[in-house]
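*Asks:* Input structure: upload-v5.tsv, which contains TSV, C-alpha atoms and all ligand atoms.
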```tsv
chain	number	residue	atom	x	y	z
M	5	MET	CA	207.31	50.03	-222.18
M	6	PHE	CA	204.67	49.98	-224.90
M	7	LYS	CA	204.09	52.11	-228.00
M	8	ALA	CA	201.14	54.49	-228.15
M	9	VAL	CA	199.77	57.56	-229.86
M	10	VAL	CA	199.99	60.27	-227.20
M	11	ILE	CA	198.17	63.62	-227.34
M	12	GLU	CA	199.65	66.32	-225.13
M	13	LYS	CA	198.82	69.94	-224.40
M	14	SER	CA	201.39	72.55	-223.46
M	15	ALA	CA	200.87	75.13	-220.69
M	16	ASP	CA	199.91	77.69	-223.36
M	17	GLY	CA	197.22	75.37	-224.70
M	18	VAL	CA	198.93	74.08	-227.86
M	19	GLN	CA	198.11	70.45	-228.67
M	20	SER	CA	200.78	68.08	-229.99
M	21	VAL	CA	200.62	64.43	-230.91
M	22	SER	CA	203.29	61.78	-231.34
M	23	VAL	CA	203.81	58.03	-231.39
M	24	ARG	CA	206.13	57.19	-228.52
M	25	ASP	CA	207.04	54.72	-225.79
M	26	VAL	CA	205.02	54.84	-222.58
M	27	ALA	CA	205.97	53.06	-219.36
M	28	ASP	CA	203.65	50.31	-218.14
M	29	ASN	CA	203.50	51.91	-214.70
M	30	GLN	CA	201.82	54.97	-216.26
M	31	LEU	CA	198.77	52.96	-217.33
M	32	PRO	CA	195.56	54.23	-215.71
M	33	LYS	CA	193.69	52.38	-212.98
M	34	GLY	CA	191.58	49.44	-214.06
M	35	ASP	CA	191.10	45.79	-213.24
M	36	VAL	CA	191.95	44.30	-216.65
M	37	THR	CA	195.03	44.88	-218.82
M	38	VAL	CA	194.71	43.96	-222.48
M	39	ARG	CA	197.43	43.41	-225.08
M	40	VAL	CA	195.84	45.28	-227.97
M	41	GLU	CA	196.06	43.35	-231.25
M	42	TRP	CA	194.03	45.70	-233.45
M	43	SER	CA	192.53	49.12	-233.04
M	44	THR	CA	190.81	51.38	-235.52
M	45	LEU	CA	190.56	54.95	-236.62
M	46	ASN	CA	187.06	56.30	-236.05
M	47	TYR	CA	185.75	59.78	-236.83
M	48	LYS	CA	186.01	60.68	-233.14
M	49	ASP	CA	189.63	59.48	-232.97
M	50	ALA	CA	190.47	61.64	-235.97
M	51	LEU	CA	188.88	64.67	-234.28
M	52	ALA	CA	190.88	63.96	-231.11
M	53	ILE	CA	194.21	63.43	-232.89
M	54	THR	CA	193.92	66.46	-235.17
M	55	GLY	CA	192.46	68.61	-232.39
M	56	ARG	CA	189.62	69.60	-234.78
M	57	GLY	CA	186.98	68.64	-232.19
M	58	PRO	CA	186.89	68.91	-228.38
M	59	ILE	CA	187.05	65.16	-227.74
M	60	VAL	CA	189.92	64.83	-225.26
M	61	ARG	CA	188.93	65.71	-221.69
M	62	SER	CA	192.34	65.35	-219.99
M	63	PHE	CA	195.99	65.39	-221.10
M	64	PRO	CA	198.17	63.51	-221.80
M	65	MET	CA	195.69	61.21	-223.54
M	66	ILE	CA	196.07	58.04	-225.56
M	67	PRO	CA	193.25	58.23	-228.15
M	68	GLY	CA	191.38	55.26	-229.57
M	69	ILE	CA	187.72	54.68	-228.71
M	70	ASP	CA	187.94	50.97	-229.50
M	71	PHE	CA	190.26	47.99	-229.54
M	72	ALA	CA	190.35	44.20	-229.68
M	73	GLY	CA	192.96	42.08	-227.98
M	74	ILE	CA	193.98	39.43	-225.48
M	75	VAL	CA	193.66	39.81	-221.72
M	76	GLU	CA	197.17	39.96	-220.27
M	77	SER	CA	196.24	40.24	-216.58
M	78	SER	CA	192.98	40.49	-214.71
M	79	GLN	CA	191.77	40.96	-211.17
M	80	ARG	CA	188.36	39.63	-212.18
M	81	GLU	CA	187.09	36.09	-211.81
M	82	ASP	CA	184.90	36.40	-214.92
M	83	ILE	CA	187.65	37.65	-217.28
M	84	ARG	CA	190.67	35.37	-217.41
M	85	PRO	CA	194.12	35.99	-218.95
M	86	GLY	CA	194.18	34.76	-222.55
M	87	ALA	CA	190.53	35.71	-223.18
M	88	ARG	CA	189.86	37.68	-226.36
M	89	VAL	CA	187.88	40.87	-225.77
M	90	ILE	CA	186.48	43.94	-227.53
M	91	LEU	CA	186.08	47.45	-226.16
M	92	ASN	CA	183.89	50.22	-227.59
M	93	GLY	CA	183.37	53.60	-226.00
M	94	TRP	CA	182.78	54.21	-222.27
M	95	GLY	CA	184.86	57.41	-222.61
M	96	VAL	CA	187.97	55.42	-223.52
M	97	GLY	CA	190.18	57.56	-225.75
M	98	GLU	CA	188.40	60.65	-224.40
M	99	LYS	CA	188.88	60.66	-220.62
M	100	HIS	CA	190.52	57.25	-220.07
M	101	TRP	CA	193.59	56.08	-222.04
M	102	GLY	CA	192.47	54.32	-225.18
M	103	GLY	CA	193.14	51.74	-227.84
M	104	LEU	CA	195.73	53.38	-230.11
M	105	ALA	CA	198.39	51.67	-228.03
M	106	GLU	CA	199.93	48.25	-227.66
M	107	LYS	CA	198.46	47.98	-224.17
M	108	ALA	CA	195.38	49.26	-222.36
M	109	THR	CA	194.14	48.97	-218.78
M	110	VAL	CA	190.38	49.37	-218.39
M	111	SER	CA	187.44	48.35	-216.24
M	112	GLY	CA	186.36	44.78	-216.94
M	113	ASP	CA	182.77	46.08	-217.01
M	114	TRP	CA	183.57	47.79	-220.30
M	115	LEU	CA	184.75	44.66	-222.13
M	116	VAL	CA	182.65	42.30	-224.21
M	117	PRO	CA	183.90	38.85	-225.21
M	118	LEU	CA	184.96	38.49	-228.84
M	119	PRO	CA	182.22	36.44	-230.54
M	120	ASP	CA	183.48	32.96	-231.56
M	121	ARG	CA	182.94	33.60	-235.26
M	122	LEU	CA	185.09	36.75	-235.36
M	123	THR	CA	188.83	37.34	-235.27
M	124	SER	CA	190.22	40.37	-233.43
M	125	ARG	CA	190.98	41.95	-236.77
M	126	GLN	CA	187.44	41.42	-238.06
M	127	ALA	CA	186.04	42.92	-234.86
M	128	MET	CA	188.04	46.05	-235.58
M	129	GLU	CA	187.18	46.02	-239.28
M	130	ILE	CA	183.66	46.41	-237.90
M	131	GLY	CA	184.83	48.70	-235.06
M	132	THR	CA	182.72	51.26	-233.26
M	133	ALA	CA	181.43	52.52	-236.61
M	134	GLY	CA	180.07	49.09	-237.55
M	135	TYR	CA	178.74	48.37	-234.08
M	136	THR	CA	176.92	51.73	-234.22
M	137	ALA	CA	175.50	50.81	-237.63
M	138	MET	CA	174.17	47.60	-236.03
M	139	LEU	CA	172.63	49.61	-233.15
M	140	CYS	CA	170.86	51.78	-235.74
M	141	ILE	CA	169.55	48.74	-237.60
M	142	GLN	CA	168.34	47.10	-234.38
M	143	ALA	CA	166.56	50.36	-233.52
M	144	LEU	CA	164.85	50.33	-236.94
M	145	GLN	CA	163.80	46.73	-236.34
M	146	ARG	CA	162.50	47.48	-232.83
M	147	GLU	CA	160.38	50.25	-234.37
M	148	GLY	CA	158.90	47.75	-236.82
M	149	VAL	CA	160.70	48.76	-240.03
M	150	THR	CA	160.72	45.55	-242.05
M	151	PRO	CA	162.02	45.23	-245.66
M	152	ASP	CA	158.48	45.28	-247.09
M	153	LYS	CA	157.81	48.75	-245.59
M	154	GLY	CA	159.96	50.53	-248.20
M	155	PRO	CA	163.49	51.80	-248.94
M	156	ILE	CA	166.06	52.76	-246.31
M	157	LEU	CA	168.16	55.89	-246.78
M	158	ILE	CA	171.79	55.92	-245.58
M	159	THR	CA	173.75	59.19	-245.41
M	160	GLY	CA	177.55	59.34	-245.35
M	161	ALA	CA	177.40	56.15	-247.35
M	162	THR	CA	181.10	55.71	-248.10
M	163	GLY	CA	182.10	56.31	-244.46
M	164	GLY	CA	182.53	53.69	-241.74
M	165	VAL	CA	179.00	53.70	-240.30
M	166	GLY	CA	177.45	54.09	-243.74
M	167	SER	CA	179.43	51.30	-245.41
M	168	VAL	CA	178.66	48.73	-242.69
M	169	ALA	CA	175.00	49.82	-242.55
M	170	ILE	CA	174.63	49.26	-246.30
M	171	MET	CA	176.26	45.83	-246.11
M	172	LEU	CA	174.07	44.69	-243.19
M	173	LEU	CA	170.76	46.13	-244.43
M	174	SER	CA	171.19	44.68	-247.91
M	175	ARG	CA	172.02	41.30	-246.34
M	176	LEU	CA	168.77	41.58	-244.36
M	177	GLY	CA	166.81	42.14	-247.58
M	178	TYR	CA	166.20	45.90	-247.37
M	179	HIS	CA	166.27	48.15	-250.45
M	180	VAL	CA	169.12	50.53	-249.63
M	181	VAL	CA	169.50	54.02	-251.06
M	182	ALA	CA	172.93	55.55	-250.46
M	183	VAL	CA	173.55	59.29	-250.09
M	184	THR	CA	177.12	60.24	-250.89
M	185	GLY	CA	179.31	63.21	-251.70
M	186	ARG	CA	181.54	60.88	-253.69
M	187	PRO	CA	179.72	59.85	-256.90
M	188	GLU	CA	182.96	58.23	-258.11
M	189	GLU	CA	182.40	55.53	-255.45
M	190	GLU	CA	179.26	54.17	-257.13
M	191	ALA	CA	180.86	50.78	-257.88
M	192	TYR	CA	182.00	50.44	-254.24
M	193	LEU	CA	178.52	51.25	-252.89
M	194	THR	CA	176.82	48.92	-255.37
M	195	ALA	CA	179.18	46.09	-254.38
M	196	LEU	CA	178.22	46.64	-250.74
M	197	GLY	CA	174.56	46.26	-251.65
M	198	ALA	CA	173.21	49.77	-252.35
M	199	LYS	CA	170.46	49.70	-254.98
M	200	GLU	CA	170.31	53.44	-255.68
M	201	MET	CA	172.60	56.45	-255.21
M	202	LEU	CA	171.67	60.06	-254.42
M	203	PRO	CA	174.04	63.04	-254.39
M	204	ARG	CA	174.75	64.57	-250.98
M	205	GLN	CA	173.98	68.03	-252.44
M	206	ALA	CA	170.31	67.01	-252.69
M	207	PHE	CA	170.23	67.17	-248.88
M	208	THR	CA	172.56	70.03	-247.96
M	209	THR	CA	170.42	73.09	-248.68
M	210	PRO	CA	167.40	73.90	-246.49
M	211	GLY	CA	164.25	72.33	-247.96
M	212	LYS	CA	160.54	72.39	-247.25
M	213	ALA	CA	159.00	71.27	-243.96
M	214	LEU	CA	157.65	68.24	-245.83
M	215	GLU	CA	159.11	66.84	-249.02
M	216	LYS	CA	157.87	63.92	-251.14
M	217	ALA	CA	157.33	60.95	-248.77
M	218	ARG	CA	159.90	58.31	-249.75
M	219	TRP	CA	161.76	56.41	-247.03
M	220	ALA	CA	160.54	53.81	-244.54
M	221	GLY	CA	163.74	54.13	-242.53
M	222	ALA	CA	166.99	56.06	-242.42
M	223	VAL	CA	170.43	55.90	-240.86
M	224	ASP	CA	171.84	59.41	-240.60
M	225	VAL	CA	175.47	60.15	-239.75
M	226	ALA	CA	175.40	63.78	-240.88
M	227	GLY	CA	173.05	65.79	-238.65
M	228	GLY	CA	172.35	69.45	-239.53
M	229	THR	CA	170.41	70.32	-242.68
M	230	VAL	CA	170.97	66.81	-244.04
M	231	LEU	CA	169.10	65.27	-241.10
M	232	ALA	CA	166.35	67.88	-241.38
M	233	ASN	CA	165.86	67.02	-245.07
M	234	VAL	CA	165.93	63.30	-244.32
M	235	CYS	CA	163.14	63.76	-241.74
M	236	ALA	CA	161.13	65.87	-244.21
M	237	SER	CA	161.25	63.13	-246.86
M	238	MET	CA	160.26	60.17	-244.65
M	239	ALA	CA	157.19	58.17	-245.61
M	240	TYR	CA	154.23	58.06	-243.23
M	241	GLY	CA	155.31	56.27	-240.01
M	242	GLY	CA	158.97	56.25	-241.09
M	243	VAL	CA	161.82	55.87	-238.59
M	244	VAL	CA	165.05	57.90	-238.64
M	245	THR	CA	168.03	56.81	-236.59
M	246	ALA	CA	170.40	59.70	-235.89
M	247	CYS	CA	173.90	58.79	-234.79
M	248	GLY	CA	176.31	61.37	-236.18
M	249	LEU	CA	177.27	64.96	-236.86
M	250	ALA	CA	179.61	64.64	-239.86
M	251	ALA	CA	177.86	67.72	-241.33
M	252	ASP	CA	176.76	69.64	-238.28
M	253	MET	CA	175.66	69.44	-234.66
M	254	SER	CA	172.51	71.50	-235.37
M	255	PHE	CA	169.06	70.18	-236.24
M	256	PRO	CA	167.23	72.89	-238.24
M	257	SER	CA	163.97	70.97	-238.70
M	258	THR	CA	160.27	71.62	-238.06
M	259	VAL	CA	157.82	69.41	-236.19
M	260	ALA	CA	155.92	68.73	-239.44
M	261	PRO	CA	157.36	65.24	-240.14
M	262	PHE	CA	156.62	64.17	-236.58
M	263	ILE	CA	153.09	65.51	-236.16
M	264	LEU	CA	151.82	65.14	-239.74
M	265	ARG	CA	153.51	61.90	-240.81
M	266	GLY	CA	154.07	60.20	-237.47
M	267	VAL	CA	157.82	60.02	-238.13
M	268	THR	CA	159.96	58.70	-235.27
M	269	LEU	CA	163.44	60.07	-234.62
M	270	VAL	CA	165.58	57.63	-232.65
M	271	GLY	CA	168.88	58.78	-231.15
M	272	VAL	CA	171.63	56.17	-231.20
M	273	ASP	CA	174.59	56.30	-228.83
M	274	SER	CA	177.29	53.65	-228.78
M	275	VAL	CA	179.44	55.08	-225.98
M	276	MET	CA	177.24	54.50	-222.92
M	277	CYS	CA	174.99	51.91	-224.56
M	278	PRO	CA	173.90	49.30	-221.97
M	279	ARG	CA	175.72	45.96	-221.95
M	280	ASP	CA	172.77	43.80	-223.06
M	281	ARG	CA	172.37	45.89	-226.23
M	282	ARG	CA	176.13	45.71	-226.92
M	283	LEU	CA	176.14	41.94	-226.58
M	284	ALA	CA	173.09	41.66	-228.83
M	285	ALA	CA	174.69	43.94	-231.43
M	286	TRP	CA	178.00	42.04	-231.49
M	287	SER	CA	176.27	38.69	-231.63
M	288	ARG	CA	174.19	39.82	-234.62
M	289	LEU	CA	177.23	41.37	-236.31
M	290	ALA	CA	179.07	38.04	-236.04
M	291	GLU	CA	176.13	36.32	-237.76
M	292	LEU	CA	175.51	38.86	-240.51
M	293	ILE	CA	178.86	40.22	-241.53
M	294	ASP	CA	180.25	39.30	-244.93
M	295	PRO	CA	183.99	38.74	-244.29
M	296	VAL	CA	184.96	39.32	-247.93
M	297	LYS	CA	183.08	42.63	-248.22
M	298	LEU	CA	184.45	43.63	-244.83
M	299	VAL	CA	188.04	43.20	-246.01
M	300	GLU	CA	187.26	45.10	-249.21
M	301	MET	CA	185.94	48.11	-247.29
M	302	THR	CA	188.94	48.22	-244.93
M	303	SER	CA	192.38	49.79	-245.18
M	304	GLU	CA	195.12	48.70	-242.82
M	305	ILE	CA	197.65	51.07	-241.31
M	306	ALA	CA	200.41	50.80	-238.69
M	307	LEU	CA	200.21	52.69	-235.39
M	308	ALA	CA	202.82	55.14	-236.70
M	309	ASP	CA	200.48	56.09	-239.59
M	310	ALA	CA	197.50	56.95	-237.38
M	311	ILE	CA	198.33	60.66	-237.12
M	312	GLU	CA	198.56	61.26	-240.87
M	313	ALA	CA	195.49	59.11	-241.57
M	314	SER	CA	193.40	61.16	-239.12
M	315	ALA	CA	193.56	64.30	-241.23
M	316	ALA	CA	192.82	62.27	-244.38
M	317	LEU	CA	189.75	60.71	-242.71
M	318	LEU	CA	188.29	64.09	-241.74
M	319	ASP	CA	189.04	65.45	-245.21
M	320	GLY	CA	186.90	62.70	-246.76
M	321	LYS	CA	189.89	61.00	-248.41
M	322	ILE	CA	189.34	57.60	-246.77
M	323	ARG	CA	186.59	55.20	-247.71
M	324	GLY	CA	185.04	52.60	-245.40
M	325	ARG	CA	186.96	51.47	-242.33
M	326	VAL	CA	190.56	51.82	-241.16
M	327	VAL	CA	192.16	49.18	-238.92
M	328	VAL	CA	195.33	49.91	-236.99
M	329	ARG	CA	197.82	47.08	-236.62
M	330	MET	CA	199.86	46.85	-233.43
M	331	SER	CA	203.36	45.48	-233.64
C	1	LIG	P1	183.56	58.56	-241.54
C	1	LIG	O1	184.46	59.73	-241.58
C	1	LIG	O2	184.08	57.22	-241.86
C	1	LIG	O3	182.32	58.82	-242.50
C	1	LIG	C1	181.57	60.01	-242.47
C	1	LIG	C2	180.97	60.19	-243.85
C	1	LIG	O4	180.03	61.26	-243.78
C	1	LIG	C3	181.97	60.60	-244.90
C	1	LIG	O5	182.65	59.50	-245.44
C	1	LIG	C4	181.07	61.27	-245.92
C	1	LIG	O6	180.47	60.25	-246.72
C	1	LIG	C5	179.97	61.89	-245.05
C	1	LIG	N1	180.19	63.32	-244.84
C	1	LIG	C6	181.33	63.96	-244.58
C	1	LIG	N2	181.12	65.28	-244.45
C	1	LIG	C7	179.80	65.46	-244.65
C	1	LIG	C8	178.97	66.61	-244.68
C	1	LIG	N3	179.46	67.85	-244.47
C	1	LIG	N4	177.65	66.43	-244.92
C	1	LIG	C9	177.14	65.20	-245.14
C	1	LIG	N5	177.88	64.07	-245.13
C	1	LIG	C10	179.19	64.21	-244.89
C	1	LIG	O7	182.88	58.57	-240.09
C	1	LIG	P2	182.03	57.41	-239.39
C	1	LIG	O8	181.16	56.75	-240.38
C	1	LIG	O9	182.90	56.60	-238.54
C	1	LIG	O10	181.14	58.30	-238.41
C	1	LIG	C11	180.10	59.10	-238.97
C	1	LIG	C12	179.48	59.98	-237.89
C	1	LIG	O11	178.90	59.15	-236.91
C	1	LIG	C13	180.47	60.89	-237.17
C	1	LIG	O12	179.86	62.12	-236.90
C	1	LIG	C14	180.74	60.14	-235.88
C	1	LIG	O13	181.14	60.99	-234.86
C	1	LIG	C15	179.39	59.52	-235.63
C	1	LIG	N6	179.43	58.36	-234.78
C	1	LIG	C16	178.60	58.33	-233.70
C	1	LIG	C17	178.56	57.26	-232.87
C	1	LIG	C18	177.59	57.25	-231.76
C	1	LIG	O14	177.79	56.54	-230.78
C	1	LIG	N7	176.49	57.99	-231.87
C	1	LIG	C19	179.49	56.14	-233.04
C	1	LIG	C20	180.27	56.19	-234.26
C	1	LIG	C21	180.25	57.29	-235.09
C	1	LIG	P3	180.18	60.47	-248.29
C	1	LIG	O15	181.48	61.01	-248.85
C	1	LIG	O16	179.81	59.13	-248.79
C	1	LIG	O17	179.07	61.49	-248.38
```
Kindly return the structure encoded in the file as C-alpha cells.
Ligand code: NDP

*Replies:*
Amino acid sequence: MFKAVVIEKSADGVQSVSVRDVADNQLPKGDVTVRVEWSTLNYKDALAITGRGPIVRSFPMIPGIDFAGIVESSQREDIRPGARVILNGWGVGEKHWGGLAEKATVSGDWLVPLPDRLTSRQAMEIGTAGYTAMLCIQALQREGVTPDKGPILITGATGGVGSVAIMLLSRLGYHVVAVTGRPEEEAYLTALGAKEMLPRQAFTTPGKALEKARWAGAVDVAGGTVLANVCASMAYGGVVTACGLAADMSFPSTVAPFILRGVTLVGVDSVMCPRDRRLAAWSRLAELIDPVKLVEMTSEIALADAIEASAALLDGKIRGRVVVRMS
C-alpha cells in the first residue's frame, strides 16, 4: 500500500478528494515505478483537487503533474533501479495517475534524469512552474531578446512561474519589471531580482490597440485582458511568451501589435514539450538556479495538507512555490 491524494467522482457527478491508502496492484500500466520523494502543488493540481477547473479526464485520479524520486523497478535497460528522475506533464495527474503519491508508475519515455547539481527537493522547488519559466526564457533567447534590448515584463510575479522567471532573468542580466496584484510583496520581488513593480490593475481593464512601447520581452501567466495589454505595450520587435490563464482563457487583442510593431507571440507548453527541450531546460536550470533564493520562495507541506493548500493557492494566498513532502 502507498499513500496518495485520490480524486473520485460519484455516479451523480459529485467530486470528492481524500488522502488515503492505495494498493500497489492498482497502479496504472507503465514500465518504470518510482518512489516519489517530493512532489509539488502547481496551479493545475490545485484546479484538479478543488474541482474548479476541468483538469481530470478519468476517475479515480491521483493528481500531481510532477514529481522527483528514485526508480524502484524498471523494465527498461536505460533506466536502472536507484536512478534519480524527474517527471513533468505528459498528462500525468490528468489522465494518468500522478505525483501526489508515495509511488507512481509511468512510461520511462516521460522521465528525465535528475541533473547532478540538483537534489530531488530542489527539482521540485523548481517544479513544472519553474521548468515552464525556463522554457519561456529559452523562447525569448531563441527569438533574440538579449538583456541590452530592454526590460522584460513578468505577470503573476509572486506566483510559481513568475517567481522563478524573475530569479532566472535577473541572474541572466535582464532588467525585470514585475506585475503583481500583491503590492505588499515588494520586498520579496526585489529580493528575487525585480527592478520595478507595476500594479496588476494597470493591465486588467481593456486598453488601446497600441499603448506606449516599453518591453523587449514578456512572460505572461495571466492570459485574457492582461495578455492583450501586455502585447499592446511591447516595444518594436518585442517578444511575448504566453504560458498561462491565471486571469482568463480569452485573448481580447487586436492585430495591431503584430502588424505595426512586429511583435512575436510565442506559445509555451510544458506538458507535451519534446524531450530535447526538456533536457536543455533542466540542464540550464541546474546551472542558473540560486539555491538560497529557491528555498526562500518555497513553502513545504505534507501530503495530507495538499487538499487545503490547493484552495489557498487558487485564492492567491500562497507565494512562490509549494513542495510536497512524502513520508
Ligand atoms: P500560481 O498560482 O503560483 O501563480 C499565478 C499568479 O498569477 C498569482 O500568484 C498571481 O500573482 C497572478 N494572478 C492570479 N489571478 C490573476 C488574475 N485574475 N489576473 C492576473 N494575474 C493573476 O500559478 P503558476 O505560476 O504555477 O501558474 C501560472 C499560470 O501558468 C497558470 O495559469 C498555470 O496553469 C499556467 N501554467 C502553464 C504551463 C504550461 O505548460 N503552459 C505550466 C505551468 C503553469 P500576483 O498576485 O503576483 O499578481

*Asks:* Neighbouring residues of ligand LIG 1 (chain C) are defined here as those with any atom at most 6 Å from a ligand atom, counting only C-alpha atoms and all ligand atoms; list them as number ranges by chain.

*Replies:* M: 46-48, 132-133, 136, 160-166, 184-186, 204, 225-226, 247-251, 272-275, 317-318, 320, 324

*Asks:* Output C-alpha atoms of each residue in that selection to a file, as a PDB file, keeping the file's coordinate frame.

*Replies:*
```pdb
ATOM      1  CA  ASN M  46     187.060  56.300-236.050  1.00  0.00           C
ATOM      2  CA  TYR M  47     185.750  59.780-236.830  1.00  0.00           C
ATOM      3  CA  LYS M  48     186.010  60.680-233.140  1.00  0.00           C
ATOM      4  CA  THR M 132     182.720  51.260-233.260  1.00  0.00           C
ATOM      5  CA  ALA M 133     181.430  52.520-236.610  1.00  0.00           C
ATOM      6  CA  THR M 136     176.920  51.730-234.220  1.00  0.00           C
ATOM      7  CA  GLY M 160     177.550  59.340-245.350  1.00  0.00           C
ATOM      8  CA  ALA M 161     177.400  56.150-247.350  1.00  0.00           C
ATOM      9  CA  THR M 162     181.100  55.710-248.100  1.00  0.00           C
ATOM     10  CA  GLY M 163     182.100  56.310-244.460  1.00  0.00           C
ATOM     11  CA  GLY M 164     182.530  53.690-241.740  1.00  0.00           C
ATOM     12  CA  VAL M 165     179.000  53.700-240.300  1.00  0.00           C
ATOM     13  CA  GLY M 166     177.450  54.090-243.740  1.00  0.00           C
ATOM     14  CA  THR M 184     177.120  60.240-250.890  1.00  0.00           C
ATOM     15  CA  GLY M 185     179.310  63.210-251.700  1.00  0.00           C
ATOM     16  CA  ARG M 186     181.540  60.880-253.690  1.00  0.00           C
ATOM     17  CA  ARG M 204     174.750  64.570-250.980  1.00  0.00           C
ATOM     18  CA  VAL M 225     175.470  60.150-239.750  1.00  0.00           C
ATOM     19  CA  ALA M 226     175.400  63.780-240.880  1.00  0.00           C
ATOM     20  CA  CYS M 247     173.900  58.790-234.790  1.00  0.00           C
ATOM     21  CA  GLY M 248     176.310  61.370-236.180  1.00  0.00           C
ATOM     22  CA  LEU M 249     177.270  64.960-236.860  1.00  0.00           C
ATOM     23  CA  ALA M 250     179.610  64.640-239.860  1.00  0.00           C
ATOM     24  CA  ALA M 251     177.860  67.720-241.330  1.00  0.00           C
ATOM     25  CA  VAL M 272     171.630  56.170-231.200  1.00  0.00           C
ATOM     26  CA  ASP M 273     174.590  56.300-228.830  1.00  0.00           C
ATOM     27  CA  SER M 274     177.290  53.650-228.780  1.00  0.00           C
ATOM     28  CA  VAL M 275     179.440  55.080-225.980  1.00  0.00           C
ATOM     29  CA  LEU M 317     189.750  60.710-242.710  1.00  0.00           C
ATOM     30  CA  LEU M 318     188.290  64.090-241.740  1.00  0.00           C
ATOM     31  CA  GLY M 320     186.900  62.700-246.760  1.00  0.00           C
ATOM     32  CA  GLY M 324     185.040  52.600-245.400  1.00  0.00           C
TER      33      GLY M 324
END
```

*Asks:* Which of these residues is nearest to M:Ala260, using only C-alpha atoms: M:Glu189, M:Glu215, M:Glu76, M:Asp294?

*Replies:* M:Glu215

*Asks:* Restricting the calculation to only C-alpha atoms, which member of M:Arg56, M:Arg323, M:His179, M:Arg282 is positioned closest to M:Ile90?

*Replies:*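 The answer is M:Arg282, which sits nearest to M:Ile90.
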
*Asks:* Pick from M:Ala316, M:Pro151, M:Leu289, M:Met5: nearest to M:Gln30, with only C-alpha atoms counted?

*Replies:* M:Met5

*Asks:* I'd like to know which of M:Glu129, M:Ala220, M:Val18, M:Leu122 is closest to M:Gln145, using only C-alpha atoms.

*Replies:*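 Result for the nearest residue to M:Gln145: M:Ala220.
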
*Asks:* Calculate how many Å separate atom CA of M:Lys153 from atom CA of M:Phe262, rounding to one decimal.

*Replies:*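 For atom CA of M:Lys153 relative to atom CA of M:Phe262, the distance reads 17.9 Å.
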
*Asks:* Check the smallest atom-to-atom distance from each of M:Ile322, M:Ala8, M:Met201, M:Ala182 to M:Ala306 using only C-alpha atoms, then report the winner.

*Replies:*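 Among the listed residues, M:Ala8 lies closest to M:Ala306.
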
*Asks:* Quick one: residues within 8 Å of (200.8, 67.3, -218.6) (file frame), counting only C-alpha atoms, please, as an MDAnalysis selection string.

*Replies:* chainID M and resid 12:14 63:64

*Asks:* Which of these, M:Val116, M:Val26, M:Leu51, M:Val296, has the shortest distance to M:Leu196 once you count only C-alpha atoms?

*Replies:*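 Using only C-alpha atoms, M:Leu196 sits closest to M:Val296.
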
*Asks:* Work out how far apart atom CA of M:Met65 and atom CA of M:Ser254 are and give it in Å to one decimal.

*Replies:*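 Separation between atom CA of M:Met65 and atom CA of M:Ser254: 28.0 Å.
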
*Asks:* Just how far from atom CA of M:Leu307 is atom CA of M:Thr159, in Å to one decimal?

*Replies:*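 Pair atom CA of M:Thr159 / atom CA of M:Leu307 returns 29.0 Å.
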
*Asks:* List the spatial neighbours of M:Ala72 as a ChimeraX atom specification - criterion: any atom at most 8 Å away, all atoms listed in the file, same-chain residues fewer than 4 positions off excluded.

*Replies:* /M:40-43,88-91,118,124-125,127-128

*Asks:* Can you list, as number ranges by chain, every protein, DNA or RNA residue that comes within 6 Å of M:Thr245 when you count all atoms listed in the file, leaving out same-chain residues fewer than 6 positions away?

*Replies:* M: 140, 222-223, 269-271

*Asks:* Take the selection from the previous step and output its residues with C-alpha atoms, as a PDB file, in the frame of the given file.

*Replies:*
```pdb
ATOM      1  CA  CYS M 140     170.860  51.780-235.740  1.00  0.00           C
ATOM      2  CA  ALA M 222     166.990  56.060-242.420  1.00  0.00           C
ATOM      3  CA  VAL M 223     170.430  55.900-240.860  1.00  0.00           C
ATOM      4  CA  LEU M 269     163.440  60.070-234.620  1.00  0.00           C
ATOM      5  CA  VAL M 270     165.580  57.630-232.650  1.00  0.00           C
ATOM      6  CA  GLY M 271     168.880  58.780-231.150  1.00  0.00           C
TER       7      GLY M 271
END
```

*Asks:* So that I can check the surroundings of M:Asp152, please list as a count of residues only every protein, DNA and RNA residue that reaches within 12 Å of it, counting all atoms listed in the file and ignoring chain neighbours fewer than 5 positions away.

*Replies:* 7

*Asks:* What's the 10 Å shell around M:Thr208, counting only C-alpha atoms, without same-chain residues fewer than 3 positions away, as a list in words?

*Replies:*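 Residues near the query, excluding close chain neighbours: Pro203, Arg204, Gln205, Gly211, Ala226, Gly228, Thr229, Val230, Leu231, Ala232, Asn233 and Ala251 of chain M.
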
*Asks:* Please complete stretch 115-119 of chain M so it has N, CA, C and O atoms, and hand it over as a JSON list (two decimals), keeping the file's coordinate frame.

*Replies:*
```
[["chain", "number", "residue", "atom", "x", "y", "z"],
["M", 115, "LEU", "N", 184.32, 45.61, -221.09],
["M", 115, "LEU", "CA", 184.75, 44.66, -222.13],
["M", 115, "LEU", "C", 183.62, 43.71, -222.52],
["M", 115, "LEU", "O", 182.84, 43.29, -221.66],
["M", 116, "VAL", "N", 183.56, 43.38, -223.80],
["M", 116, "VAL", "CA", 182.65, 42.30, -224.21],
["M", 116, "VAL", "C", 183.52, 41.20, -224.81],
["M", 116, "VAL", "O", 184.57, 41.48, -225.41],
["M", 117, "PRO", "N", 183.10, 39.93, -224.63],
["M", 117, "PRO", "CA", 183.90, 38.85, -225.21],
["M", 117, "PRO", "C", 183.84, 38.89, -226.74],
["M", 117, "PRO", "O", 182.79, 39.22, -227.32],
["M", 118, "LEU", "N", 184.96, 38.58, -227.37],
["M", 118, "LEU", "CA", 184.96, 38.49, -228.84],
["M", 118, "LEU", "C", 184.07, 37.33, -229.25],
["M", 118, "LEU", "O", 184.27, 36.21, -228.78],
["M", 119, "PRO", "N", 183.07, 37.57, -230.11],
["M", 119, "PRO", "CA", 182.22, 36.44, -230.54],
["M", 119, "PRO", "C", 183.08, 35.36, -231.23],
["M", 119, "PRO", "O", 184.05, 35.69, -231.93]]
```
